[in-house]
file protein_33.cif (mmCIF, C-alpha atoms and all ligand atoms)
data_input
loop_
_atom_site.label_atom_id
_atom_site.label_comp_id
_atom_site.auth_asym_id
_atom_site.auth_seq_id
_atom_site.Cartn_x
_atom_site.Cartn_y
_atom_site.Cartn_z
CA SER A 754 5.20 -29.47 6.28
CA THR A 755 7.65 -27.23 8.14
CA PRO A 756 8.05 -23.88 6.32
CA SER A 757 11.53 -23.19 5.01
CA LEU A 758 13.56 -20.06 5.67
CA LEU A 759 16.82 -19.25 3.90
CA ILE A 760 19.06 -16.95 5.93
CA LEU A 761 21.73 -14.90 4.16
CA PRO A 762 23.64 -12.86 6.80
CA GLY A 763 26.01 -11.21 4.28
CA ASP A 764 28.70 -8.73 5.32
CA GLY A 765 29.63 -6.17 7.98
CA ILE A 766 26.92 -5.91 10.64
CA GLY A 767 24.72 -8.34 8.65
CA PRO A 768 25.98 -11.45 10.53
CA GLU A 769 25.90 -9.55 13.86
CA VAL A 770 22.23 -8.58 13.61
CA MET A 771 21.34 -12.00 12.17
CA THR A 772 22.78 -13.72 15.27
CA GLU A 773 20.11 -11.86 17.28
CA VAL A 774 17.37 -12.87 14.82
CA ARG A 775 18.42 -16.50 15.28
CA LYS A 776 17.74 -16.15 19.03
CA ILE A 777 14.22 -14.96 18.19
CA ILE A 778 13.63 -17.76 15.66
CA ASP A 779 14.81 -20.31 18.25
CA TRP A 780 12.46 -18.80 20.82
CA PHE A 781 9.44 -19.20 18.51
CA GLY A 782 10.48 -22.81 17.87
CA ALA A 783 10.89 -23.66 21.55
CA LYS A 784 8.07 -21.63 23.13
CA ARG A 785 5.41 -21.25 20.44
CA ASP A 786 5.90 -24.54 18.62
CA LEU A 787 6.57 -22.53 15.47
CA ALA A 788 9.37 -24.43 13.77
CA PHE A 789 11.19 -23.34 10.63
CA ASP A 790 13.46 -25.38 8.45
CA VAL A 791 16.36 -22.89 8.53
CA THR A 792 19.25 -22.98 6.06
CA GLU A 793 22.09 -20.47 6.16
CA ASP A 794 24.17 -19.47 3.16
CA LEU A 795 26.49 -16.78 1.79
CA VAL A 796 25.74 -13.59 -0.13
CA GLY A 797 27.70 -10.48 -1.08
CA GLY A 798 31.37 -10.11 -0.18
CA ALA A 799 31.23 -13.24 1.98
CA ALA A 800 30.11 -15.26 -1.06
CA TYR A 801 32.74 -13.61 -3.24
CA ASP A 802 35.46 -14.57 -0.75
CA ALA A 803 34.26 -18.20 -0.76
CA HIS A 804 33.22 -18.75 -4.39
CA GLY A 805 34.47 -15.77 -6.41
CA ALA A 806 30.90 -14.58 -7.07
CA PRO A 807 28.52 -12.49 -4.91
CA LEU A 808 25.79 -15.16 -5.20
CA SER A 809 26.39 -18.73 -6.34
CA ASP A 810 23.94 -20.54 -8.64
CA GLU A 811 23.37 -23.02 -5.85
CA THR A 812 22.35 -20.28 -3.39
CA MET A 813 20.13 -18.70 -6.07
CA GLU A 814 18.34 -22.03 -6.48
CA LYS A 815 17.86 -22.36 -2.70
CA ALA A 816 16.33 -18.88 -2.65
CA GLN A 817 13.90 -19.85 -5.43
CA GLN A 818 12.79 -22.88 -3.41
CA ALA A 819 12.57 -21.26 0.05
CA ASP A 820 9.25 -20.14 1.52
CA ALA A 821 11.03 -16.93 2.53
CA VAL A 822 14.54 -15.45 2.38
CA LEU A 823 15.91 -13.24 5.18
CA LEU A 824 18.99 -11.16 4.30
CA GLY A 825 21.28 -9.09 6.56
CA ALA A 826 23.32 -6.66 4.48
CA VAL A 827 25.98 -6.73 1.80
CA GLY A 828 29.02 -4.63 0.92
CA GLY A 829 32.12 -3.12 2.42
CA PRO A 830 35.20 -1.07 1.54
CA LYS A 831 37.23 -4.25 0.97
CA TYR A 832 35.16 -4.94 -2.16
CA ASP A 833 35.19 -1.42 -3.66
CA VAL A 834 38.01 -2.39 -6.05
CA LEU A 835 36.05 -5.28 -7.62
CA ASP A 836 34.58 -5.23 -11.11
CA PHE A 837 30.95 -4.07 -11.27
CA SER A 838 29.73 -7.61 -12.00
CA LEU A 839 31.46 -9.03 -8.90
CA LYS A 840 30.43 -6.36 -6.40
CA PRO A 841 28.50 -7.54 -3.31
CA GLU A 842 25.43 -5.50 -4.35
CA ARG A 843 25.13 -7.65 -7.49
CA GLY A 844 24.26 -10.62 -5.28
CA LEU A 845 21.27 -8.76 -3.90
CA LEU A 846 20.26 -7.46 -7.33
CA ARG A 847 20.39 -10.99 -8.74
CA LEU A 848 18.07 -12.24 -6.00
CA ARG A 849 15.57 -9.43 -6.63
CA LYS A 850 15.68 -9.87 -10.41
CA GLU A 851 15.52 -13.68 -10.69
CA MET A 852 12.84 -13.98 -8.01
CA ASP A 853 10.96 -11.20 -9.90
CA LEU A 854 10.19 -9.28 -6.70
CA TYR A 855 7.92 -6.55 -8.03
CA ALA A 856 6.36 -5.27 -4.79
CA ASN A 857 8.67 -3.48 -2.36
CA LEU A 858 7.16 -3.07 1.11
CA ARG A 859 8.44 -0.29 3.31
CA PRO A 860 6.56 0.08 6.59
CA ALA A 861 6.72 3.32 8.51
CA GLN A 862 6.11 2.33 12.07
CA CYS A 863 6.73 4.61 15.02
CA PHE A 864 7.11 3.14 18.46
CA ASP A 865 5.87 5.48 21.14
CA ALA A 866 9.20 5.41 23.00
CA LEU A 867 10.99 6.77 19.92
CA ALA A 868 8.45 9.37 18.79
CA ASP A 869 10.83 12.18 19.70
CA PHE A 870 13.25 10.93 17.04
CA SER A 871 10.88 11.98 14.29
CA SER A 872 11.29 15.22 12.41
CA LEU A 873 7.57 15.75 13.03
CA LYS A 874 5.60 16.51 16.19
CA ARG A 875 5.14 13.61 18.61
CA ASP A 876 1.34 13.37 18.28
CA VAL A 877 1.58 13.26 14.47
CA VAL A 878 3.77 10.12 14.52
CA ALA A 879 3.38 8.31 17.88
CA GLY A 880 1.83 4.90 17.21
CA LEU A 881 2.05 5.36 13.43
CA ASP A 882 1.86 2.10 11.45
CA ILE A 883 1.55 2.47 7.68
CA MET A 884 2.89 0.47 4.74
CA ILE A 885 4.15 1.82 1.43
CA VAL A 886 4.05 -0.64 -1.47
CA ARG A 887 6.37 0.52 -4.24
CA GLU A 888 6.36 -1.14 -7.67
CA LEU A 889 9.98 -2.23 -8.10
CA THR A 890 10.58 -3.77 -11.53
CA SER A 891 9.07 -1.37 -14.08
CA GLY A 892 8.23 2.31 -14.65
CA SER A 893 10.60 5.15 -15.42
CA TYR A 894 13.75 3.41 -14.11
CA PHE A 895 13.39 0.69 -16.76
CA GLY A 896 11.10 1.97 -19.57
CA GLU A 897 12.38 2.24 -23.14
CA PRO A 898 13.41 4.39 -24.91
CA ARG A 899 16.03 5.60 -22.47
CA GLY A 900 19.39 7.23 -23.00
CA ILE A 901 21.13 10.47 -23.84
CA PHE A 902 20.58 11.30 -27.52
CA THR A 903 21.61 14.11 -29.83
CA GLU A 904 18.74 16.20 -31.15
CA GLY A 905 19.77 19.03 -33.52
CA ASN A 906 22.68 20.82 -31.87
CA GLU A 907 22.12 19.66 -28.30
CA ARG A 908 21.69 16.49 -26.29
CA VAL A 909 18.50 15.22 -24.70
CA GLY A 910 18.19 12.86 -21.74
CA ILE A 911 15.25 10.48 -21.97
CA ASN A 912 13.51 8.10 -19.60
CA THR A 913 10.13 6.56 -20.26
CA GLN A 914 7.43 6.01 -17.68
CA ARG A 915 5.80 2.84 -18.97
CA TYR A 916 3.41 0.45 -17.23
CA THR A 917 1.43 -2.45 -18.67
CA GLU A 918 -1.98 -3.36 -17.26
CA SER A 919 -0.63 -6.64 -15.88
CA GLU A 920 2.28 -4.90 -14.12
CA ILE A 921 -0.16 -2.54 -12.42
CA ALA A 922 -2.66 -5.30 -11.58
CA ARG A 923 -0.12 -7.57 -9.87
CA VAL A 924 1.29 -4.90 -7.57
CA ALA A 925 -2.27 -3.74 -6.82
CA ARG A 926 -3.12 -7.31 -5.76
CA SER A 927 -0.09 -7.35 -3.44
CA ALA A 928 -1.36 -4.14 -1.82
CA PHE A 929 -4.92 -5.44 -1.38
CA GLU A 930 -3.67 -8.74 0.07
CA LEU A 931 -1.56 -6.81 2.61
CA ALA A 932 -4.45 -4.53 3.48
CA LYS A 933 -6.58 -7.57 4.35
CA ARG A 934 -3.96 -8.53 6.98
CA ARG A 935 -3.80 -4.95 8.31
CA GLY A 936 -6.27 -2.06 8.39
CA ASN A 937 -8.20 -3.05 5.23
CA LYS A 938 -7.54 0.29 3.52
CA VAL A 939 -5.54 1.09 0.36
CA CYS A 940 -4.66 4.52 -1.04
CA SER A 941 -3.28 4.45 -4.59
CA MET A 942 -1.04 7.34 -5.64
CA GLU A 943 -0.17 8.52 -9.17
CA LYS A 944 -0.46 11.66 -11.26
CA ALA A 945 -3.48 10.85 -13.40
CA ASN A 946 -3.99 14.59 -13.86
CA VAL A 947 -0.86 14.93 -16.01
CA MET A 948 0.39 11.43 -16.94
CA GLU A 949 -1.11 8.76 -19.23
CA SER A 950 0.53 6.02 -17.18
CA GLY A 951 -1.23 7.53 -14.17
CA VAL A 952 -4.62 7.38 -15.91
CA LEU A 953 -4.09 3.69 -16.67
CA TRP A 954 -2.73 3.05 -13.14
CA ARG A 955 -5.86 4.50 -11.53
CA GLU A 956 -8.21 2.61 -13.88
CA VAL A 957 -6.49 -0.77 -13.35
CA VAL A 958 -6.21 -0.44 -9.56
CA GLN A 959 -9.91 0.44 -9.42
CA LYS A 960 -10.80 -2.57 -11.63
CA VAL A 961 -8.76 -5.04 -9.53
CA HIS A 962 -10.48 -3.62 -6.47
CA ASP A 963 -14.02 -3.85 -7.86
CA GLU A 964 -13.59 -7.37 -9.24
CA GLU A 965 -11.40 -9.02 -6.60
CA TYR A 966 -11.27 -6.94 -3.41
CA PRO A 967 -14.58 -5.02 -3.11
CA ASP A 968 -14.43 -5.24 0.71
CA VAL A 969 -11.14 -3.34 1.00
CA GLU A 970 -11.59 0.43 1.23
CA LEU A 971 -9.87 2.09 -1.77
CA SER A 972 -9.04 5.75 -2.38
CA HIS A 973 -6.92 7.53 -5.00
CA MET A 974 -4.65 10.50 -4.45
CA TYR A 975 -2.28 12.52 -6.64
CA ALA A 976 1.25 11.61 -5.55
CA ASP A 977 2.30 15.21 -4.81
CA ALA A 978 -0.71 15.71 -2.56
CA GLY A 979 0.13 12.31 -1.05
CA GLY A 980 3.59 13.56 -0.07
CA MET A 981 1.95 16.52 1.64
CA GLN A 982 -0.56 14.34 3.47
CA LEU A 983 2.22 11.97 4.63
CA CYS A 984 3.83 14.88 6.47
CA ARG A 985 0.58 16.49 7.62
CA TRP A 986 -1.31 13.53 9.06
CA PRO A 987 0.26 10.15 8.15
CA LYS A 988 -2.11 8.19 10.40
CA GLN A 989 -4.89 8.64 7.80
CA PHE A 990 -3.20 5.90 5.73
CA ASP A 991 -2.94 2.12 6.08
CA VAL A 992 -1.47 0.76 2.82
CA ILE A 993 -0.23 3.12 0.08
CA VAL A 994 0.43 1.63 -3.36
CA THR A 995 2.40 3.57 -5.94
CA ASP A 996 4.82 3.25 -8.85
CA ASN A 997 8.58 2.86 -8.79
CA LEU A 998 9.57 6.54 -9.02
CA PHE A 999 6.93 8.01 -6.68
CA GLY A 1000 7.45 5.06 -4.33
CA ASP A 1001 11.17 5.77 -4.14
CA LEU A 1002 10.45 9.33 -3.02
CA LEU A 1003 7.46 8.65 -0.78
CA SER A 1004 9.12 5.75 1.08
CA ASP A 1005 12.13 7.91 1.93
CA VAL A 1006 9.80 10.63 3.21
CA ALA A 1007 7.91 8.06 5.27
CA ALA A 1008 11.16 6.63 6.67
CA MET A 1009 12.02 10.03 8.13
CA LEU A 1010 8.71 10.11 9.97
CA THR A 1011 10.06 7.40 12.25
CA GLY A 1012 13.74 8.07 12.88
CA SER A 1013 16.73 5.71 12.95
CA LEU A 1014 17.93 3.57 10.06
CA GLY A 1015 18.57 0.82 12.62
CA MET A 1016 14.80 0.44 13.11
CA LEU A 1017 13.55 0.10 9.51
CA PRO A 1018 12.55 -3.29 8.06
CA SER A 1019 11.50 -4.03 4.48
CA ALA A 1020 10.25 -6.81 2.25
CA SER A 1021 10.13 -7.47 -1.47
CA LEU A 1022 7.40 -9.77 -2.72
CA GLY A 1023 6.81 -11.51 -6.04
CA ALA A 1024 4.20 -13.78 -7.55
CA PRO A 1025 2.44 -16.43 -5.44
CA MET A 1026 4.19 -19.84 -5.49
CA ALA A 1027 2.41 -23.20 -5.82
CA ASN A 1028 1.74 -23.22 -2.05
CA GLY A 1029 0.07 -19.81 -2.25
CA ARG A 1030 2.89 -17.96 -0.48
CA PRO A 1031 4.45 -15.07 -2.41
CA LYS A 1032 8.12 -15.25 -3.39
CA ALA A 1033 9.64 -13.15 -0.63
CA LEU A 1034 12.87 -11.49 0.46
CA TYR A 1035 12.97 -9.74 3.85
CA GLU A 1036 15.80 -7.38 4.80
CA PRO A 1037 16.58 -4.33 6.91
CA VAL A 1038 16.71 -1.03 4.98
CA HIS A 1039 20.22 -0.32 6.30
CA GLY A 1040 23.49 -1.50 4.75
CA SER A 1041 26.53 -3.28 6.19
CA ALA A 1042 27.64 -0.25 8.28
CA PRO A 1043 31.41 -0.87 8.07
CA ASP A 1044 31.98 2.10 10.41
CA ILE A 1045 30.52 0.17 13.36
CA ALA A 1046 30.98 -3.47 12.24
CA GLY A 1047 32.58 -5.83 14.75
CA GLN A 1048 32.02 -3.53 17.73
CA GLY A 1049 28.73 -4.81 19.11
CA LYS A 1050 27.11 -1.45 18.33
CA ALA A 1051 24.64 -2.43 15.59
CA ASN A 1052 20.94 -2.17 16.31
CA PRO A 1053 19.41 -5.57 15.48
CA ILE A 1054 15.80 -4.29 15.55
CA ALA A 1055 15.51 -3.54 11.78
CA CYS A 1056 16.42 -7.15 11.02
CA ILE A 1057 14.23 -8.52 13.83
CA LEU A 1058 11.25 -6.50 12.52
CA SER A 1059 12.01 -7.86 9.03
CA PHE A 1060 11.50 -11.33 10.50
CA ALA A 1061 8.24 -10.11 12.06
CA MET A 1062 7.14 -9.10 8.54
CA ALA A 1063 8.01 -12.62 7.34
CA LEU A 1064 5.84 -14.07 10.11
CA ARG A 1065 2.93 -11.89 9.03
CA TYR A 1066 3.19 -11.88 5.24
CA SER A 1067 4.82 -15.23 4.36
CA PHE A 1068 3.71 -17.49 7.18
CA ASP A 1069 0.29 -16.06 8.06
CA GLU A 1070 1.31 -15.75 11.72
CA GLY A 1071 -0.04 -12.25 12.29
CA ALA A 1072 -0.65 -12.80 16.01
CA GLU A 1073 2.95 -13.98 16.51
CA ALA A 1074 4.22 -11.00 14.48
CA ASP A 1075 2.20 -8.74 16.82
CA ARG A 1076 3.75 -10.54 19.80
CA LEU A 1077 7.28 -9.88 18.48
CA GLU A 1078 6.56 -6.22 17.69
CA LYS A 1079 5.08 -5.74 21.17
CA ALA A 1080 8.23 -7.29 22.68
CA VAL A 1081 10.37 -4.78 20.75
CA GLU A 1082 8.08 -1.97 21.88
CA SER A 1083 8.31 -2.97 25.55
CA VAL A 1084 12.12 -3.16 25.45
CA LEU A 1085 12.20 0.35 23.98
CA ALA A 1086 9.66 1.58 26.54
CA ASP A 1087 12.00 0.13 29.18
CA GLY A 1088 14.67 2.57 27.96
CA LYS A 1089 17.05 0.06 26.39
CA ARG A 1090 18.96 1.80 23.59
CA THR A 1091 21.65 0.73 21.14
CA ALA A 1092 24.14 3.50 20.30
CA ASP A 1093 22.18 4.76 17.27
CA LEU A 1094 19.18 5.50 19.53
CA MET A 1095 21.06 7.31 22.28
CA GLN A 1096 20.87 10.93 21.16
CA ALA A 1097 17.21 11.56 21.99
CA GLU A 1098 16.68 11.30 25.74
CA GLY A 1099 18.25 9.20 28.52
CA GLY A 1100 17.97 5.46 28.42
CA THR A 1101 20.21 2.51 29.18
CA PRO A 1102 22.94 1.84 26.60
CA VAL A 1103 22.96 -1.77 25.39
CA SER A 1104 25.05 -3.76 22.91
CA THR A 1105 23.73 -5.67 19.90
CA SER A 1106 23.53 -8.95 21.81
CA GLU A 1107 22.07 -7.33 24.95
CA MET A 1108 19.29 -5.88 22.78
CA GLY A 1109 18.59 -9.34 21.32
CA ASP A 1110 18.56 -10.90 24.80
CA ALA A 1111 16.23 -8.19 26.11
CA ILE A 1112 13.75 -8.86 23.29
CA VAL A 1113 13.86 -12.60 24.02
CA ALA A 1114 13.23 -11.83 27.71
CA ALA A 1115 10.27 -9.63 26.73
CA LEU A 1116 8.92 -12.48 24.59
CA ASP A 1117 9.24 -14.78 27.61
CA ALA A 1118 7.18 -12.30 29.61
CA SER A 1119 4.51 -12.02 26.89
P1 LIG B 1 24.65 1.97 5.96
O1 LIG B 1 23.19 1.79 6.06
O2 LIG B 1 25.47 0.74 6.03
O3 LIG B 1 25.13 2.97 7.11
C1 LIG B 1 24.72 4.33 7.20
C2 LIG B 1 24.93 4.86 8.64
O4 LIG B 1 23.93 4.30 9.50
C3 LIG B 1 26.27 4.44 9.23
O5 LIG B 1 26.75 5.48 10.04
C4 LIG B 1 25.93 3.23 10.07
O6 LIG B 1 26.80 3.03 11.16
C5 LIG B 1 24.51 3.53 10.53
N1 LIG B 1 23.72 2.27 10.66
C6 LIG B 1 23.24 1.52 9.66
N2 LIG B 1 22.60 0.44 10.15
C7 LIG B 1 22.68 0.52 11.49
C8 LIG B 1 22.23 -0.30 12.56
N3 LIG B 1 21.55 -1.45 12.34
N4 LIG B 1 22.50 0.06 13.82
C9 LIG B 1 23.19 1.19 14.07
N5 LIG B 1 23.64 2.03 13.11
C10 LIG B 1 23.40 1.69 11.84
O7 LIG B 1 24.93 2.74 4.58
P2 LIG B 1 26.34 3.16 3.92
O8 LIG B 1 27.30 3.56 4.97
O9 LIG B 1 25.97 4.11 2.86
O10 LIG B 1 26.88 1.84 3.19
C11 LIG B 1 27.77 0.92 3.78
C12 LIG B 1 27.88 -0.32 2.90
O11 LIG B 1 26.62 -0.99 2.86
C13 LIG B 1 28.24 -0.01 1.45
O12 LIG B 1 29.09 -1.04 0.98
C14 LIG B 1 26.91 -0.06 0.73
O13 LIG B 1 27.04 -0.42 -0.61
C15 LIG B 1 26.21 -1.15 1.51
N6 LIG B 1 24.73 -1.07 1.47
C16 LIG B 1 24.06 -2.27 1.43
C17 LIG B 1 22.68 -2.29 1.47
C18 LIG B 1 22.02 -3.61 1.53
O14 LIG B 1 22.66 -4.62 1.79
N7 LIG B 1 20.73 -3.66 1.31
C19 LIG B 1 21.89 -1.04 1.51
C20 LIG B 1 22.69 0.15 1.63
C21 LIG B 1 24.06 0.12 1.58
MG MG B 2 15.59 5.93 -2.49
#
call {"tool": "encode", "arguments": {"input": "protein_33.cif", "output": "structure tokens", "more": "lines below"}}
Ligand code: NAI
Ligand code: MG
result
Amino acid sequence: STPSLLILPGDGIGPEVMTEVRKIIDWFGAKRDLAFDVTEDLVGGAAYDAHGAPLSDETMEKAQQADAVLLGAVGGPKYDVLDFSLKPERGLLRLRKEMDLYANLRPAQCFDALADFSSLKRDVVAGLDIMIVRELTSGSYFGEPRGIFTEGNERVGINTQRYTESEIARVARSAFELAKRRGNKVCSMEKANVMESGVLWREVVQKVHDEEYPDVELSHMYADAGGMQLCRWPKQFDVIVTDNLFGDLLSDVAAMLTGSLGMLPSASLGAPMANGRPKALYEPVHGSAPDIAGQGKANPIACILSFAMALRYSFDEGAEADRLEKAVESVLADGKRTADLMQAEGGTPVSTSEMGDAIVAALDAS
């Protein structure tokens, strides 16, 4: 049956970039016979304005049923005065929590035309395509005990790095599954030299590999050395899998290898559903950018590349994902630049919708 896609444009530039993604989705339907059953709904401030809550129960249920969810962005100054429980961000957090999205995927991909944006030398990053898989629902941001306690005559702040075998095994499986669709290589990062949770992490990842994915190449690295290697020669990696805390740090480092926020896609995956597809939420890394909203300045590429990830990881359409990424690459090589990409070299300034149209034209030429 036709795969279903729930689209949640959200607030600020969210709806603007999503309009461009819709052009791409329509193109795949018309020209590649790749139809999706698309439903659109509200999240964030837009949902609060309509229903008084940042995500309605009805929308939550649709997200649980969808083969994939694609989200724009949530938030804006208008909602800063709201109670914590009503804030736009709570809509996104509810989706992540109730769908139990434990694997956060942050690709670091560097298109040749933008290699000069990187803080590193061109040859270190040009053509880079790696994927960081960060465990998202456990570890030191959630482990108990946590809190600020009084001990003798002073206070002590406590967080607990805690991982069960099953929490490690399921995110490891996500990483190995991704690697099979990419370069077939996983590097697991922890600090087994100084942390018990790291010792268990390494043991469980190795066991999942040996029993279920012996054909994927696996290596282990201490996370601090991993940070160094990411800056020294990132192209040595394909998929990196790591815990919540190290993944938070390493994915931000990796993001800076490639440049603009307007270019960065992401995905959060959960357990496989009955049809074998993982629960999945795709979204750009950027927020609702109220400073440029409504001006046709937003770069739609982060959201378009998030859809490319959905093609590859939810719908098993790797070749079509490649086609879309190549179209983006050719438009950039052509010198087309939204405002956020203008500071590097020359180029032709384009608006949000002109960028979307150019990518559709490049798809037509593919
Ligand atoms: P932001 O990512 O919205 O913007 C940061 C800067 O990057 C701004 O100068 C913006 O104009 C620029 N930028 C972001 N995306 C861009 C794009 N596609 N094209 C061109 N320029 C782009 O982060 P900020 O300003 O910290 O937060 C703004 C609002 O977004 C807040 O309400 C925040 O809570 C929310 N937010 C939502 C997220 C989400 O929905 N996942 C993530 C981060 C922030
Ligand atoms: Mg972070």
call {"tool": "closest_atom_pairs", "arguments": {"input": "protein_33.cif", "of": "chain A", "to": "ligand LIG 1 (chain B)", "cutoff": "9 Å", "atoms": "all atoms listed in the file", "output": "CSV"}}
result
residue,atom,partner,partner_atom,distance
A:Gly763,CA,B:LIG1,O14,7.8
A:Asp764,CA,B:LIG1,O14,8.1
A:Gly765,CA,B:LIG1,O11,7.9
A:Ile766,CA,B:LIG1,N3,7.2
A:Gly767,CA,B:LIG1,O14,8.1
A:Val770,CA,B:LIG1,N3,7.3
A:Gly797,CA,B:LIG1,O14,8.2
A:Leu824,CA,B:LIG1,O14,7.9
A:Gly825,CA,B:LIG1,O14,6.7
A:Ala826,CA,B:LIG1,O14,3.4
A:Val827,CA,B:LIG1,O14,3.9
A:Gly828,CA,B:LIG1,O12,3.6
A:Gly829,CA,B:LIG1,O12,3.9
A:Pro830,CA,B:LIG1,O12,6.1
A:Lys831,CA,B:LIG1,O12,8.8
A:Tyr832,CA,B:LIG1,O12,7.9
A:Asp833,CA,B:LIG1,O12,7.7
A:Lys840,CA,B:LIG1,O13,9.0
A:Pro841,CA,B:LIG1,O13,7.8
A:Glu842,CA,B:LIG1,O13,6.5
A:Leu845,CA,B:LIG1,O14,7.2
A:Ser1013,CA,B:LIG1,N5,7.8
A:Leu1014,CA,B:LIG1,N2,5.6
A:Gly1015,CA,B:LIG1,N3,3.8
A:Met1016,CA,B:LIG1,N3,7.1
A:Leu1017,CA,B:LIG1,N3,8.6
A:Glu1036,CA,B:LIG1,N7,7.1
A:Pro1037,CA,B:LIG1,N7,7.0
A:Val1038,CA,B:LIG1,N7,6.0
A:His1039,CA,B:LIG1,O1,3.7
A:Gly1040,CA,B:LIG1,O2,3.3
A:Ser1041,CA,B:LIG1,O11,4.0
A:Ala1042,CA,B:LIG1,O2,3.3
A:Pro1043,CA,B:LIG1,C11,5.9
A:Asp1044,CA,B:LIG1,O6,5.3
A:Ile1045,CA,B:LIG1,O6,5.2
A:Ala1046,CA,B:LIG1,O6,7.8
A:Lys1050,CA,B:LIG1,C9,6.4
A:Ala1051,CA,B:LIG1,N4,3.7
A:Asn1052,CA,B:LIG1,N4,3.7
A:Pro1053,CA,B:LIG1,N3,5.6
A:Ile1054,CA,B:LIG1,N3,7.2
A:Ala1055,CA,B:LIG1,N3,6.4
A:Cys1056,CA,B:LIG1,N3,7.8
A:Thr1091,CA,B:LIG1,C9,7.3
A:Ala1092,CA,B:LIG1,C9,6.7
A:Asp1093,CA,B:LIG1,C9,4.9
A:Leu1094,CA,B:LIG1,C9,8.0
A:Thr1105,CA,B:LIG1,N4,8.4
call {"tool": "write_last_selection", "arguments": {"input": "protein_33.cif", "atoms": "C-alpha atoms", "output": "PDB file, keeping the file's coordinate frame"}}
result
ATOM      1  CA  GLY A 763      26.010 -11.210   4.280  1.00  0.00           C
ATOM      2  CA  ASP A 764      28.700  -8.730   5.320  1.00  0.00           C
ATOM      3  CA  GLY A 765      29.630  -6.170   7.980  1.00  0.00           C
ATOM      4  CA  ILE A 766      26.920  -5.910  10.640  1.00  0.00           C
ATOM      5  CA  GLY A 767      24.720  -8.340   8.650  1.00  0.00           C
ATOM      6  CA  VAL A 770      22.230  -8.580  13.610  1.00  0.00           C
ATOM      7  CA  GLY A 797      27.700 -10.480  -1.080  1.00  0.00           C
ATOM      8  CA  LEU A 824      18.990 -11.160   4.300  1.00  0.00           C
ATOM      9  CA  GLY A 825      21.280  -9.090   6.560  1.00  0.00           C
ATOM     10  CA  ALA A 826      23.320  -6.660   4.480  1.00  0.00           C
ATOM     11  CA  VAL A 827      25.980  -6.730   1.800  1.00  0.00           C
ATOM     12  CA  GLY A 828      29.020  -4.630   0.920  1.00  0.00           C
ATOM     13  CA  GLY A 829      32.120  -3.120   2.420  1.00  0.00           C
ATOM     14  CA  PRO A 830      35.200  -1.070   1.540  1.00  0.00           C
ATOM     15  CA  LYS A 831      37.230  -4.250   0.970  1.00  0.00           C
ATOM     16  CA  TYR A 832      35.160  -4.940  -2.160  1.00  0.00           C
ATOM     17  CA  ASP A 833      35.190  -1.420  -3.660  1.00  0.00           C
ATOM     18  CA  LYS A 840      30.430  -6.360  -6.400  1.00  0.00           C
ATOM     19  CA  PRO A 841      28.500  -7.540  -3.310  1.00  0.00           C
ATOM     20  CA  GLU A 842      25.430  -5.500  -4.350  1.00  0.00           C
ATOM     21  CA  LEU A 845      21.270  -8.760  -3.900  1.00  0.00           C
ATOM     22  CA  SER A1013      16.730   5.710  12.950  1.00  0.00           C
ATOM     23  CA  LEU A1014      17.930   3.570  10.060  1.00  0.00           C
ATOM     24  CA  GLY A1015      18.570   0.820  12.620  1.00  0.00           C
ATOM     25  CA  MET A1016      14.800   0.440  13.110  1.00  0.00           C
ATOM     26  CA  LEU A1017      13.550   0.100   9.510  1.00  0.00           C
ATOM     27  CA  GLU A1036      15.800  -7.380   4.800  1.00  0.00           C
ATOM     28  CA  PRO A1037      16.580  -4.330   6.910  1.00  0.00           C
ATOM     29  CA  VAL A1038      16.710  -1.030   4.980  1.00  0.00           C
ATOM     30  CA  HIS A1039      20.220  -0.320   6.300  1.00  0.00           C
ATOM     31  CA  GLY A1040      23.490  -1.500   4.750  1.00  0.00           C
ATOM     32  CA  SER A1041      26.530  -3.280   6.190  1.00  0.00           C
ATOM     33  CA  ALA A1042      27.640  -0.250   8.280  1.00  0.00           C
ATOM     34  CA  PRO A1043      31.410  -0.870   8.070  1.00  0.00           C
ATOM     35  CA  ASP A1044      31.980   2.100  10.410  1.00  0.00           C
ATOM     36  CA  ILE A1045      30.520   0.170  13.360  1.00  0.00           C
ATOM     37  CA  ALA A1046      30.980  -3.470  12.240  1.00  0.00           C
ATOM     38  CA  LYS A1050      27.110  -1.450  18.330  1.00  0.00           C
ATOM     39  CA  ALA A1051      24.640  -2.430  15.590  1.00  0.00           C
ATOM     40  CA  ASN A1052      20.940  -2.170  16.310  1.00  0.00           C
ATOM     41  CA  PRO A1053      19.410  -5.570  15.480  1.00  0.00           C
ATOM     42  CA  ILE A1054      15.800  -4.290  15.550  1.00  0.00           C
ATOM     43  CA  ALA A1055      15.510  -3.540  11.780  1.00  0.00           C
ATOM     44  CA  CYS A1056      16.420  -7.150  11.020  1.00  0.00           C
ATOM     45  CA  THR A1091      21.650   0.730  21.140  1.00  0.00           C
ATOM     46  CA  ALA A1092      24.140   3.500  20.300  1.00  0.00           C
ATOM     47  CA  ASP A1093      22.180   4.760  17.270  1.00  0.00           C
ATOM     48  CA  LEU A1094      19.180   5.500  19.530  1.00  0.00           C
ATOM     49  CA  THR A1105      23.730  -5.670  19.900  1.00  0.00           C
TER      50      THR A1105
END
call {"tool": "residues_near_ligand", "arguments": {"input": "protein_33.cif", "ligand": "ligand MG 2 (chain B)", "cutoff": "7 Å", "atoms": "all atoms listed in the file", "output": "number ranges by chain"}}
result
A: 1001-1002, 1005
call {"tool": "atom_distance", "arguments": {"input": "protein_33.cif", "atom1": "atom CA of Asp1075 of chain A", "atom2": "atom CA of Gln862 of chain A"}}
result
12.7 Å
call {"tool": "atom_distance", "arguments": {"input": "protein_33.cif", "atom1": "atom CA of Arg859 of chain A", "atom2": "atom CA of Ala1118 of chain A"}}
result
28.9 Å
